[in-house]
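Content type TSV, C-alpha atoms (C1' of nucleotides) and all ligand atoms, from the file run-v4.tsv:
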chain	number	residue	atom	x	y	z
A	19	MET	CA	-3.86	2.02	1.53
A	20	LYS	CA	-4.68	-0.66	-0.91
A	21	LEU	CA	-3.03	-2.83	-3.44
A	22	THR	CA	-4.41	-2.44	-6.94
A	23	SER	CA	-5.41	-5.33	-9.14
A	24	LYS	CA	-2.71	-4.48	-11.62
A	25	GLY	CA	0.01	-5.29	-9.11
A	26	ARG	CA	-1.82	-8.30	-7.77
A	27	TYR	CA	-2.46	-9.67	-11.26
A	28	ALA	CA	1.14	-9.15	-12.32
A	29	VAL	CA	2.40	-11.26	-9.44
A	30	MET	CA	-0.29	-13.91	-9.90
A	31	ALA	CA	0.49	-14.21	-13.58
A	32	LEU	CA	4.23	-14.45	-13.04
A	33	ALA	CA	3.74	-17.09	-10.37
A	34	ASP	CA	1.69	-19.02	-12.89
A	35	LEU	CA	4.41	-18.56	-15.47
A	36	ALA	CA	7.09	-19.75	-13.06
A	37	GLN	CA	5.14	-22.94	-12.47
A	38	PHE	CA	4.50	-23.81	-16.08
A	39	ASP	CA	7.12	-22.25	-18.33
A	40	SER	CA	9.86	-24.80	-17.79
A	41	ILE	CA	8.72	-26.95	-20.73
A	42	ASN	CA	6.77	-24.69	-23.06
A	43	PRO	CA	6.05	-20.99	-23.33
A	44	VAL	CA	2.79	-20.12	-21.62
A	45	SER	CA	0.11	-18.25	-23.52
A	46	LEU	CA	-1.81	-15.42	-21.93
A	47	ARG	CA	-4.98	-17.30	-22.75
A	48	ASP	CA	-3.90	-20.12	-20.44
A	49	ILE	CA	-3.01	-17.73	-17.65
A	50	SER	CA	-6.28	-15.93	-18.15
A	51	LEU	CA	-8.22	-19.15	-17.76
A	52	ARG	CA	-6.22	-20.57	-14.87
A	53	GLN	CA	-6.07	-17.39	-12.84
A	54	GLY	CA	-9.37	-15.86	-13.85
A	55	ILE	CA	-7.91	-12.61	-15.18
A	56	SER	CA	-9.21	-10.75	-18.22
A	57	LEU	CA	-7.11	-11.58	-21.28
A	58	ASP	CA	-7.15	-8.01	-22.59
A	59	TYR	CA	-5.98	-6.70	-19.26
A	60	LEU	CA	-3.21	-9.27	-19.07
A	61	GLU	CA	-1.93	-8.08	-22.42
A	62	GLN	CA	-1.43	-4.60	-21.07
A	63	ILE	CA	0.39	-5.94	-18.06
A	64	PHE	CA	2.70	-8.24	-20.02
A	65	LEU	CA	3.65	-5.46	-22.37
A	66	LYS	CA	5.15	-3.67	-19.42
A	67	LEU	CA	6.74	-6.77	-17.98
A	68	LYS	CA	8.40	-7.37	-21.33
A	69	LYS	CA	9.69	-3.81	-21.61
A	70	ASN	CA	11.32	-4.30	-18.23
A	71	GLN	CA	12.93	-7.59	-19.24
A	72	ILE	CA	11.05	-9.66	-16.74
A	73	VAL	CA	9.56	-11.89	-19.41
A	74	LYS	CA	10.40	-12.81	-22.98
A	75	SER	CA	7.79	-13.33	-25.65
A	76	ILE	CA	7.56	-15.95	-28.36
A	77	ARG	CA	5.09	-15.24	-31.14
A	78	GLY	CA	3.07	-17.52	-33.33
A	79	THR	CA	1.27	-20.77	-32.71
A	80	HIS	CA	2.33	-22.40	-29.45
A	81	GLY	CA	3.98	-19.13	-28.56
A	82	GLY	CA	3.61	-17.37	-25.26
A	83	TYR	CA	5.75	-15.91	-22.54
A	84	VAL	CA	8.71	-17.19	-20.55
A	85	LEU	CA	10.47	-15.70	-17.55
A	86	SER	CA	13.69	-14.03	-18.62
A	87	LYS	CA	15.41	-14.62	-15.28
A	88	LYS	CA	15.35	-17.29	-12.63
A	89	PRO	CA	12.51	-17.03	-10.12
A	90	ASN	CA	14.94	-16.23	-7.29
A	91	GLU	CA	16.27	-13.26	-9.25
A	92	ILE	CA	12.86	-11.69	-9.69
A	93	LYS	CA	11.95	-9.69	-6.60
A	94	LEU	CA	8.52	-8.26	-6.00
A	95	ASN	CA	9.83	-4.74	-6.25
A	96	ASN	CA	11.10	-5.47	-9.78
A	97	ILE	CA	7.62	-6.59	-10.73
A	98	PHE	CA	5.91	-3.64	-9.11
A	99	TYR	CA	8.31	-1.21	-10.66
A	100	ALA	CA	7.64	-2.69	-14.07
A	101	VAL	CA	3.88	-2.28	-13.90
A	102	ASP	CA	4.07	1.17	-12.19
A	103	GLU	CA	2.56	-0.05	-8.97
A	104	LYS	CA	4.51	2.30	-6.78
A	105	VAL	CA	4.26	2.81	-3.07
A	106	LYS	CA	3.40	6.42	-2.49
A	107	THR	CA	3.00	7.69	1.04
A	108	VAL	CA	4.14	11.32	1.00
A	109	GLN	CA	2.04	13.96	-0.69
A	110	CYS	CA	4.86	16.32	-1.59
A	111	LYS	CA	7.63	15.87	-4.10
A	112	LYS	CA	10.49	14.31	-2.21
A	113	GLU	CA	13.29	16.18	-3.98
A	114	SER	CA	11.70	19.57	-3.46
A	115	LYS	CA	12.37	21.31	-0.16
A	116	LYS	CA	8.77	22.51	-0.04
A	117	GLY	CA	6.18	20.66	1.97
A	118	CYS	CA	2.81	19.37	0.95
A	119	ASN	CA	0.23	22.19	1.35
A	120	GLY	CA	2.82	24.31	-0.50
A	121	LYS	CA	4.60	25.60	2.59
A	122	ALA	CA	8.31	26.30	2.68
A	123	THR	CA	9.08	23.51	5.13
A	124	LYS	CA	8.22	19.81	5.27
A	125	CYS	CA	5.12	18.98	7.31
A	126	VAL	CA	5.17	17.23	10.71
A	127	THR	CA	4.26	13.90	9.24
A	128	HIS	CA	6.57	13.91	6.25
A	129	ASN	CA	9.30	11.91	7.87
A	130	LEU	CA	6.88	9.40	9.28
A	131	TRP	CA	5.47	8.59	5.85
A	132	ASP	CA	8.92	8.33	4.46
A	133	GLU	CA	9.77	5.75	7.10
A	134	LEU	CA	6.60	3.88	6.23
A	135	GLU	CA	7.54	3.83	2.57
A	136	THR	CA	10.92	2.35	3.40
A	137	HIS	CA	9.28	-0.19	5.66
A	138	ILE	CA	6.92	-1.36	2.93
A	139	ASN	CA	9.57	-1.41	0.22
A	140	SER	CA	11.86	-3.54	2.34
A	141	PHE	CA	9.19	-6.23	2.17
A	142	PHE	CA	9.11	-6.11	-1.61
A	143	GLU	CA	12.87	-6.12	-1.89
A	144	LYS	CA	13.18	-9.25	0.19
A	145	LYS	CA	10.51	-11.39	-1.45
A	146	SER	CA	11.25	-13.15	-4.69
A	147	LEU	CA	9.03	-15.15	-6.96
A	148	GLU	CA	10.82	-18.26	-5.74
A	149	ASP	CA	9.92	-17.52	-2.12
A	150	LEU	CA	6.30	-17.22	-3.16
A	151	LEU	CA	6.30	-20.59	-4.88
A	152	LYS	CA	8.10	-22.34	-2.04
A	153	GLU	CA	5.62	-21.15	0.52
A	154	ASN	CA	2.80	-22.38	-1.65
A	155	ILE	CA	4.23	-25.83	-2.02
A	156	GLU	CA	4.80	-26.10	1.73
A	157	ARG	CA	1.27	-25.03	2.32
A	158	ARG	CA	-0.09	-27.87	0.25
A	159	ILE	CA	1.83	-30.48	2.24
B	25	MET	CA	-0.37	1.39	-2.98
B	26	LYS	CA	-0.87	4.83	-1.71
B	27	LEU	CA	-1.84	6.61	1.42
B	28	THR	CA	-4.94	8.76	1.06
B	29	SER	CA	-5.18	12.35	2.20
B	30	LYS	CA	-7.80	11.46	4.75
B	31	GLY	CA	-5.36	9.34	6.72
B	32	ARG	CA	-2.53	11.79	6.22
B	33	TYR	CA	-4.68	14.72	7.33
B	34	ALA	CA	-5.97	12.90	10.39
B	35	VAL	CA	-2.44	12.29	11.62
B	36	MET	CA	-1.29	15.82	10.75
B	37	ALA	CA	-4.22	17.34	12.59
B	38	LEU	CA	-3.74	15.19	15.67
B	39	ALA	CA	-0.05	16.03	15.76
B	40	ASP	CA	-1.02	19.68	15.67
B	41	LEU	CA	-3.52	19.09	18.46
B	42	ALA	CA	-0.94	17.31	20.58
B	43	GLN	CA	1.36	20.29	20.28
B	44	PHE	CA	-1.17	22.95	21.16
B	45	ASP	CA	-3.98	21.49	23.25
B	46	SER	CA	-2.21	21.53	26.61
B	47	ILE	CA	-3.48	25.02	27.49
B	48	ASN	CA	-6.62	25.60	25.44
B	49	PRO	CA	-8.81	23.56	23.16
B	50	VAL	CA	-7.75	23.94	19.55
B	51	SER	CA	-10.29	25.03	16.95
B	52	LEU	CA	-10.43	23.36	13.58
B	53	ARG	CA	-10.00	26.80	12.05
B	54	ASP	CA	-6.55	27.06	13.63
B	55	ILE	CA	-5.56	23.61	12.46
B	56	SER	CA	-6.88	24.39	9.02
B	57	LEU	CA	-4.72	27.52	8.80
B	58	ARG	CA	-1.60	26.02	10.35
B	59	GLN	CA	-1.65	22.78	8.40
B	60	GLY	CA	-3.25	24.01	5.19
B	61	ILE	CA	-6.17	21.60	5.24
B	62	SER	CA	-9.72	22.47	4.14
B	63	LEU	CA	-11.87	23.31	7.16
B	64	ASP	CA	-14.91	21.52	5.82
B	65	TYR	CA	-12.90	18.40	5.24
B	66	LEU	CA	-11.40	18.55	8.72
B	67	GLU	CA	-14.89	18.61	10.19
B	68	GLN	CA	-15.70	15.30	8.54
B	69	ILE	CA	-12.51	13.80	9.85
B	70	PHE	CA	-12.94	15.03	13.41
B	71	LEU	CA	-16.47	13.69	13.57
B	72	LYS	CA	-15.00	10.24	13.15
B	73	LEU	CA	-12.15	10.85	15.54
B	74	LYS	CA	-14.67	11.93	18.13
B	75	LYS	CA	-16.90	8.91	17.62
B	76	ASN	CA	-13.85	6.76	18.26
B	77	GLN	CA	-12.93	8.59	21.45
B	78	ILE	CA	-9.66	9.89	20.16
B	79	VAL	CA	-10.62	13.50	20.72
B	80	LYS	CA	-13.13	15.36	22.86
B	81	SER	CA	-15.01	18.41	21.66
B	82	ILE	CA	-15.84	21.64	23.42
B	83	ARG	CA	-18.47	23.80	21.79
B	84	GLY	CA	-19.00	27.51	21.81
B	85	THR	CA	-16.63	30.45	21.66
B	86	HIS	CA	-13.03	29.46	22.38
B	87	GLY	CA	-14.13	25.88	22.00
B	88	GLY	CA	-12.35	23.30	19.93
B	89	TYR	CA	-10.91	19.85	20.30
B	90	VAL	CA	-8.65	18.18	22.84
B	91	LEU	CA	-7.01	14.76	22.76
B	92	SER	CA	-8.91	12.33	24.96
B	93	LYS	CA	-5.84	10.23	25.75
B	94	LYS	CA	-2.16	10.88	26.20
B	95	PRO	CA	-0.13	11.04	22.98
B	96	ASN	CA	1.73	7.87	23.88
B	97	GLU	CA	-1.55	5.99	24.14
B	98	ILE	CA	-2.69	6.97	20.67
B	99	LYS	CA	-1.21	4.65	18.09
B	100	LEU	CA	-1.39	5.26	14.38
B	101	ASN	CA	-3.57	2.23	13.87
B	102	ASN	CA	-6.13	3.70	16.28
B	103	ILE	CA	-6.24	6.82	14.16
B	104	PHE	CA	-6.45	4.96	10.88
B	105	TYR	CA	-9.13	2.68	12.18
B	106	ALA	CA	-11.16	5.70	13.28
B	107	VAL	CA	-11.13	7.37	9.89
B	108	ASP	CA	-11.60	4.10	7.94
B	109	GLU	CA	-8.20	4.24	6.35
B	110	LYS	CA	-7.69	0.51	6.23
B	111	VAL	CA	-4.87	-1.44	4.74
B	112	LYS	CA	-6.34	-3.71	2.13
B	113	THR	CA	-4.08	-6.05	0.24
B	114	VAL	CA	-6.12	-9.15	-0.51
B	115	GLN	CA	-8.92	-9.05	-3.04
B	116	CYS	CA	-11.04	-11.79	-1.56
B	117	LYS	CA	-12.99	-11.80	1.67
B	118	LYS	CA	-10.62	-13.17	4.29
B	119	GLU	CA	-13.20	-15.14	6.25
B	120	SER	CA	-14.58	-16.88	3.17
B	121	LYS	CA	-12.81	-20.00	1.99
B	122	LYS	CA	-13.25	-18.92	-1.60
B	123	GLY	CA	-10.49	-17.18	-3.48
B	124	CYS	CA	-10.54	-13.97	-5.41
B	125	ASN	CA	-11.71	-14.71	-9.00
B	126	GLY	CA	-14.46	-16.74	-7.30
B	127	LYS	CA	-12.63	-20.05	-7.29
B	128	ALA	CA	-13.04	-22.60	-4.55
B	129	THR	CA	-9.51	-22.24	-3.26
B	130	LYS	CA	-7.32	-19.30	-2.29
B	131	CYS	CA	-5.07	-17.98	-5.06
B	132	VAL	CA	-1.28	-18.41	-5.14
B	133	THR	CA	-0.66	-14.90	-3.91
B	134	HIS	CA	-3.24	-14.76	-1.16
B	135	ASN	CA	-0.88	-15.62	1.62
B	136	LEU	CA	1.75	-13.23	0.37
B	137	TRP	CA	-0.64	-10.28	0.54
B	138	ASP	CA	-1.76	-11.34	3.93
B	139	GLU	CA	1.84	-11.27	5.13
B	140	LEU	CA	2.24	-7.84	3.59
B	141	GLU	CA	-0.82	-6.59	5.42
B	142	THR	CA	0.59	-7.81	8.72
B	143	HIS	CA	3.91	-6.23	7.91
B	144	ILE	CA	2.35	-2.84	7.28
B	145	ASN	CA	0.03	-2.97	10.24
B	146	SER	CA	2.90	-3.75	12.58
B	147	PHE	CA	4.32	-0.36	11.67
B	148	PHE	CA	1.09	1.38	12.60
B	149	GLU	CA	0.75	-0.53	15.83
B	150	LYS	CA	4.19	0.47	16.99
B	151	LYS	CA	4.07	4.17	16.22
B	152	SER	CA	2.31	6.52	18.60
B	153	LEU	CA	1.57	10.20	18.33
B	154	GLU	CA	4.25	10.79	20.93
B	155	ASP	CA	6.89	9.07	18.81
B	156	LEU	CA	5.96	11.32	15.95
B	157	LEU	CA	6.36	14.47	18.02
B	158	LYS	CA	9.65	13.36	19.54
B	159	GLU	CA	11.20	12.67	16.17
B	160	ASN	CA	10.15	16.09	15.03
B	161	ILE	CA	11.69	17.90	17.95
B	162	GLU	CA	14.96	16.01	17.53
B	163	ARG	CA	14.96	16.90	13.88
B	164	ARG	CA	14.78	20.60	14.67
B	165	ILE	CA	17.81	20.48	16.95
C	14	DA	C1'	-28.12	39.06	21.19
C	15	DC	C1'	-24.40	37.43	18.72
C	16	DA	C1'	-20.07	35.60	17.33
C	17	DT	C1'	-17.78	31.48	17.47
C	18	DT	C1'	-17.31	26.81	17.00
C	19	DC	C1'	-18.87	22.19	16.65
C	20	DC	C1'	-22.28	19.01	14.09
C	21	DT	C1'	-24.40	16.76	10.08
C	22	DG	C1'	-26.00	15.48	5.65
C	23	DA	C1'	-26.09	16.14	0.80
C	24	DC	C1'	-23.83	17.01	-3.19
C	25	DT	C1'	-20.00	17.05	-6.86
C	26	DA	C1'	-15.74	17.56	-9.88
C	27	DA	C1'	-11.76	15.18	-10.88
C	28	DA	C1'	-8.92	11.31	-10.84
C	29	DT	C1'	-8.14	6.47	-10.83
C	30	DT	C1'	-9.18	1.79	-11.75
C	31	DG	C1'	-10.13	-2.00	-14.15
C	32	DG	C1'	-11.23	-3.05	-17.65
C	33	DT	C1'	-13.13	-3.52	-23.25
C	34	DC	C1'	-12.56	-2.98	-28.24
C	35	DA	C1'	-10.46	-2.77	-32.61
C	36	DA	C1'	-6.88	-3.32	-35.58
C	37	DG	C1'	-2.95	-4.82	-36.34
C	38	DT	C1'	1.95	-8.12	-36.83
C	39	DA	C1'	4.60	-12.43	-36.50
C	40	DT	C1'	5.01	-17.30	-36.69
C	41	DA	C1'	4.09	-22.39	-36.84
C	42	DG	C1'	1.99	-25.91	-38.94
C	43	DA	C1'	-1.24	-28.07	-42.46
D	13	DT	C1'	0.52	-20.59	-49.33
D	14	DC	C1'	-3.17	-20.34	-46.17
D	15	DT	C1'	-4.84	-20.16	-41.65
D	16	DA	C1'	-5.13	-20.40	-36.79
D	17	DT	C1'	-2.78	-18.93	-32.85
D	18	DA	C1'	-0.74	-15.63	-30.10
D	19	DC	C1'	1.68	-11.39	-29.22
D	20	DT	C1'	1.42	-5.87	-29.99
D	21	DT	C1'	-0.49	-1.40	-29.59
D	22	DG	C1'	-3.49	2.36	-29.01
D	23	DA	C1'	-7.90	4.21	-28.06
D	24	DC	C1'	-11.81	4.24	-25.45
D	25	DC	C1'	-15.04	3.76	-21.41
D	26	DA	C1'	-18.02	2.75	-17.12
D	27	DA	C1'	-17.80	2.49	-12.30
D	28	DT	C1'	-15.79	3.74	-8.19
D	29	DT	C1'	-13.21	6.48	-5.07
D	30	DT	C1'	-11.26	10.67	-3.47
D	31	DA	C1'	-11.10	14.99	-1.83
D	32	DG	C1'	-13.34	17.97	-1.26
D	33	DT	C1'	-17.65	22.00	-1.24
D	34	DC	C1'	-22.07	23.75	0.40
D	35	DA	C1'	-25.81	24.66	3.32
D	36	DG	C1'	-27.81	24.73	7.35
D	37	DG	C1'	-28.32	23.80	12.38
D	38	DA	C1'	-27.20	23.43	17.46
D	39	DA	C1'	-24.53	24.68	21.55
D	40	DT	C1'	-22.07	27.96	24.31
D	41	DG	C1'	-19.16	31.83	26.09
D	42	DT	C1'	-19.22	37.00	26.40
E	201	LIG	S1	4.17	14.84	3.14
E	201	LIG	FE1	6.02	15.80	2.56
E	201	LIG	S2	5.69	17.70	3.48
E	201	LIG	FE2	3.84	16.79	4.03
E	202	LIG	S1	-6.30	-12.61	-2.73
E	202	LIG	FE1	-7.32	-14.02	-1.47
E	202	LIG	S2	-7.60	-15.59	-2.90
E	202	LIG	FE2	-6.59	-14.20	-4.18
What does the file become when written as structure tokens?
Amino acid sequence: MKLTSKGRYAVMALADLAQFDSINPVSLRDISLRQGISLDYLEQIFLKLKKNQIVKSIRGTHGGYVLSKKPNEIKLNNIFYAVDEKVKTVQCKKESKKGCNGKATKCVTHNLWDELETHINSFFEKKSLEDLLKENIERRI
Amino acid sequence: MKLTSKGRYAVMALADLAQFDSINPVSLRDISLRQGISLDYLEQIFLKLKKNQIVKSIRGTHGGYVLSKKPNEIKLNNIFYAVDEKVKTVQCKKESKKGCNGKATKCVTHNLWDELETHINSFFEKKSLEDLLKENIERRI
DNA sequence: ACATTCCTGACTAAATTGGTCAAGTATAGA
DNA sequence: TCTATACTTGACCAATTTAGTCAGGAATGT
């Protein structure tokens, strides 16, 4: 079970945005430099974040991105959903009555993985971008 | 974030074992047929489970595998540890003081992922093979 | 002897990841 | 108006990981 860079980068970048977008829009170049993430890769990520109304874009010189909601309204699961970083624990299709391995009934572990998925998602639903920033400020003090 | 088949199979196979090993050792062939898992792949998995003292092997005709502890003593994290299915959320090396992206300090999200890792692992530490079986019996009634 | 089952290492096809590259379009400021 | 900056979009790709397969051997019960 591991977190992919896409999800990690999305959250890093948005945390960066939340810190710096209050005065001016933040360019991907700045984020790239500050956070050490490939600019080209960031572009892919922000395209998705924009489609999901998590950020707004401003083109042209001194353009960049701005959060489209307040940090406390952006939960981690919104971010993950936007960049298709989904938590997938079961093998089978959930809607189908068939199990993994193609059998007619769900396997012994099916329900366990489903519980796990819920457990993990509850973490993402609770945490907002604001929580993340707060913790970081406290840490510095 | 997804669970790999290796981890899923290991738990499925051990659940099968727990159900059937009380009288005779269970052969991988049986597990393979019942659970629909490749025999060759199961062999790789059981090698690791054996090295970690989760199962014992009996060779020869009518041989097979048996749990080496009681189902309530085998927690999911023991199983996952045995087959190297680790939960990995941070990018950086935890011990090192350096961050991901090679910077001198940990990134903004580091602590968040660490919390997530703890959150997930607590699920695995709580659940035992016995819990899994119990839930399944209840479900059938 | 022989069938069964565990044991072990080497190999591989397919999918996923984590990007890069190229070619735009829009806008601000000189 | 020209140009630099920055977003937009699609195509492409190398490296890694996953989920196995294959081939052979070693132990043991009948
Ligand atoms: S994971 Fe859903 S049936 Fe096995
Ligand atoms: S994940 Fe540890 S420093 Fe970024």
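In this model, the gap between CA of Cys131 (chain B) and CA of Leu35 (chain A) comes to 14.1 Å.
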Could you tell me which residues of chain C sit within 12 Å of chain B when counting only C-alpha atoms (C1' of nucleotides), and give me the result as a compact mmCIF listing (two decimals) with C-alpha atoms (C1' of nucleotides), in the frame of the given file?
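Writing done, so here's selection13.txt:
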# COMPACT_ATOMS: atom_id res chain seq x y z
C1' DC C 15 -24.40 37.43 18.72
C1' DA C 16 -20.07 35.60 17.33
C1' DT C 17 -17.78 31.48 17.47
C1' DT C 18 -17.31 26.81 17.00
C1' DC C 19 -18.87 22.19 16.65
C1' DC C 20 -22.28 19.01 14.09
C1' DT C 21 -24.40 16.76 10.08
C1' DG C 22 -26.00 15.48 5.65
C1' DT C 29 -8.14 6.47 -10.83
Tell me, counting all atoms listed in the file, for each residue of chain A within 12 Å of ligand LIG 202 (chain E), which pair of atoms is nearest and how far apart they are in Å to one decimal, in rows ordered by chain and increasing number, as a tab-separated table.
residue	atom	partner	partner_atom	distance
A:Leu21	CA	E:LIG202	S1	10.3
A:Thr22	CA	E:LIG202	S1	11.2
A:Ser23	CA	E:LIG202	S1	9.7
A:Gly25	CA	E:LIG202	S1	11.6
A:Arg26	CA	E:LIG202	S1	8.0
A:Tyr27	CA	E:LIG202	FE2	9.4
A:Val29	CA	E:LIG202	FE2	10.8
A:Met30	CA	E:LIG202	FE2	8.5
A:Ala31	CA	E:LIG202	FE2	11.8
A:Gln53	CA	E:LIG202	FE2	9.2
A:Gly54	CA	E:LIG202	FE2	10.2
A:Ile55	CA	E:LIG202	FE2	11.2
The coordinates of chain B, once least-squares superposed on chain A over all sequentially paired C-alpha atoms, should be supplied as a CSV table (one decimal) with C-alpha atoms, in the frame of the given file.
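The result, written out as out38.csv:
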chain,number,residue,atom,x,y,z
B,25,MET,CA,-3.9,2.0,1.5
B,26,LYS,CA,-4.7,-0.7,-0.9
B,27,LEU,CA,-3.0,-2.8,-3.4
B,28,THR,CA,-4.4,-2.4,-6.9
B,29,SER,CA,-5.4,-5.3,-9.1
B,30,LYS,CA,-2.7,-4.5,-11.6
B,31,GLY,CA,0.0,-5.3,-9.1
B,32,ARG,CA,-1.8,-8.3,-7.8
B,33,TYR,CA,-2.5,-9.7,-11.3
B,34,ALA,CA,1.1,-9.1,-12.3
B,35,VAL,CA,2.4,-11.2,-9.4
B,36,MET,CA,-0.3,-13.9,-9.9
B,37,ALA,CA,0.5,-14.2,-13.6
B,38,LEU,CA,4.2,-14.4,-13.0
B,39,ALA,CA,3.7,-17.1,-10.4
B,40,ASP,CA,1.7,-19.0,-12.9
B,41,LEU,CA,4.4,-18.6,-15.5
B,42,ALA,CA,7.1,-19.8,-13.1
B,43,GLN,CA,5.1,-22.9,-12.5
B,44,PHE,CA,4.5,-23.8,-16.1
B,45,ASP,CA,7.1,-22.2,-18.3
B,46,SER,CA,9.9,-24.8,-17.8
B,47,ILE,CA,8.7,-27.0,-20.8
B,48,ASN,CA,6.8,-24.7,-23.1
B,49,PRO,CA,6.1,-21.0,-23.3
B,50,VAL,CA,2.8,-20.1,-21.6
B,51,SER,CA,0.1,-18.3,-23.5
B,52,LEU,CA,-1.8,-15.4,-21.9
B,53,ARG,CA,-5.0,-17.3,-22.7
B,54,ASP,CA,-3.9,-20.1,-20.4
B,55,ILE,CA,-3.0,-17.7,-17.6
B,56,SER,CA,-6.3,-15.9,-18.1
B,57,LEU,CA,-8.2,-19.2,-17.7
B,58,ARG,CA,-6.2,-20.6,-14.9
B,59,GLN,CA,-6.1,-17.4,-12.8
B,60,GLY,CA,-9.4,-15.9,-13.8
B,61,ILE,CA,-7.9,-12.6,-15.2
B,62,SER,CA,-9.2,-10.8,-18.2
B,63,LEU,CA,-7.1,-11.6,-21.3
B,64,ASP,CA,-7.1,-8.0,-22.6
B,65,TYR,CA,-6.0,-6.7,-19.3
B,66,LEU,CA,-3.2,-9.3,-19.1
B,67,GLU,CA,-1.9,-8.1,-22.4
B,68,GLN,CA,-1.4,-4.6,-21.1
B,69,ILE,CA,0.4,-5.9,-18.1
B,70,PHE,CA,2.7,-8.2,-20.0
B,71,LEU,CA,3.7,-5.4,-22.4
B,72,LYS,CA,5.2,-3.7,-19.4
B,73,LEU,CA,6.8,-6.8,-18.0
B,74,LYS,CA,8.4,-7.4,-21.3
B,75,LYS,CA,9.7,-3.8,-21.6
B,76,ASN,CA,11.3,-4.3,-18.2
B,77,GLN,CA,13.0,-7.6,-19.2
B,78,ILE,CA,11.1,-9.7,-16.7
B,79,VAL,CA,9.6,-11.9,-19.4
B,80,LYS,CA,10.4,-12.8,-23.0
B,81,SER,CA,7.8,-13.3,-25.6
B,82,ILE,CA,7.5,-15.9,-28.4
B,83,ARG,CA,5.1,-15.2,-31.1
B,84,GLY,CA,3.1,-17.5,-33.3
B,85,THR,CA,1.3,-20.7,-32.7
B,86,HIS,CA,2.3,-22.4,-29.4
B,87,GLY,CA,4.0,-19.1,-28.5
B,88,GLY,CA,3.6,-17.3,-25.2
B,89,TYR,CA,5.8,-15.9,-22.5
B,90,VAL,CA,8.7,-17.2,-20.6
B,91,LEU,CA,10.5,-15.7,-17.5
B,92,SER,CA,13.7,-14.0,-18.6
B,93,LYS,CA,15.4,-14.6,-15.3
B,94,LYS,CA,15.4,-17.3,-12.6
B,95,PRO,CA,12.5,-17.0,-10.1
B,96,ASN,CA,15.0,-16.3,-7.3
B,97,GLU,CA,16.3,-13.3,-9.2
B,98,ILE,CA,12.9,-11.7,-9.7
B,99,LYS,CA,12.0,-9.7,-6.6
B,100,LEU,CA,8.5,-8.3,-6.0
B,101,ASN,CA,9.8,-4.7,-6.3
B,102,ASN,CA,11.1,-5.5,-9.8
B,103,ILE,CA,7.6,-6.6,-10.7
B,104,PHE,CA,5.9,-3.6,-9.1
B,105,TYR,CA,8.3,-1.2,-10.7
B,106,ALA,CA,7.7,-2.7,-14.1
B,107,VAL,CA,3.9,-2.3,-13.9
B,108,ASP,CA,4.1,1.2,-12.2
B,109,GLU,CA,2.6,0.0,-9.0
B,110,LYS,CA,4.5,2.3,-6.8
B,111,VAL,CA,4.2,2.8,-3.1
B,112,LYS,CA,3.4,6.4,-2.5
B,113,THR,CA,3.0,7.7,1.0
B,114,VAL,CA,4.1,11.3,1.0
B,115,GLN,CA,2.0,14.0,-0.7
B,116,CYS,CA,4.8,16.3,-1.6
B,117,LYS,CA,7.6,15.9,-4.1
B,118,LYS,CA,10.5,14.3,-2.2
B,119,GLU,CA,13.3,16.1,-4.0
B,120,SER,CA,11.7,19.5,-3.5
B,121,LYS,CA,12.4,21.3,-0.2
B,122,LYS,CA,8.8,22.5,0.0
B,123,GLY,CA,6.2,20.7,2.0
B,124,CYS,CA,2.8,19.4,1.0
B,125,ASN,CA,0.2,22.2,1.3
B,126,GLY,CA,2.9,24.3,-0.5
B,127,LYS,CA,4.6,25.6,2.6
B,128,ALA,CA,8.3,26.3,2.7
B,129,THR,CA,9.1,23.5,5.1
B,130,LYS,CA,8.2,19.8,5.3
B,131,CYS,CA,5.1,19.0,7.3
B,132,VAL,CA,5.2,17.2,10.7
B,133,THR,CA,4.3,13.9,9.2
B,134,HIS,CA,6.6,13.9,6.2
B,135,ASN,CA,9.3,11.9,7.8
B,136,LEU,CA,6.9,9.4,9.3
B,137,TRP,CA,5.5,8.6,5.8
B,138,ASP,CA,8.9,8.3,4.4
B,139,GLU,CA,9.8,5.7,7.1
B,140,LEU,CA,6.6,3.9,6.2
B,141,GLU,CA,7.5,3.8,2.6
B,142,THR,CA,10.9,2.4,3.4
B,143,HIS,CA,9.3,-0.2,5.6
B,144,ILE,CA,6.9,-1.4,2.9
B,145,ASN,CA,9.5,-1.4,0.2
B,146,SER,CA,11.8,-3.5,2.3
B,147,PHE,CA,9.2,-6.2,2.2
B,148,PHE,CA,9.1,-6.1,-1.6
B,149,GLU,CA,12.9,-6.1,-1.9
B,150,LYS,CA,13.2,-9.2,0.2
B,151,LYS,CA,10.5,-11.4,-1.5
B,152,SER,CA,11.3,-13.2,-4.7
B,153,LEU,CA,9.0,-15.2,-7.0
B,154,GLU,CA,10.8,-18.3,-5.7
B,155,ASP,CA,9.9,-17.5,-2.1
B,156,LEU,CA,6.3,-17.2,-3.2
B,157,LEU,CA,6.3,-20.6,-4.9
B,158,LYS,CA,8.1,-22.3,-2.1
B,159,GLU,CA,5.6,-21.1,0.5
B,160,ASN,CA,2.8,-22.4,-1.7
B,161,ILE,CA,4.2,-25.8,-2.0
B,162,GLU,CA,4.8,-26.1,1.7
B,163,ARG,CA,1.3,-25.0,2.3
B,164,ARG,CA,-0.1,-27.9,0.2
B,165,ILE,CA,1.8,-30.5,2.1
Q: Give the residues close to ligand LIG 201 (chain E), within 8 Å, counting all atoms listed in the file; write them as a list in words.
A: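 Using all atoms listed in the file, I find these residues within 8 Å of ligand LIG 201 (chain E): Thr107, Val108, Gln109, Cys110, Lys111, Lys112, Lys116, Gly117, Cys118, Asn119, Thr123, Lys124, Cys125, Val126, Thr127, His128, Asn129 and Trp131 of chain A; Arg32 of chain B.
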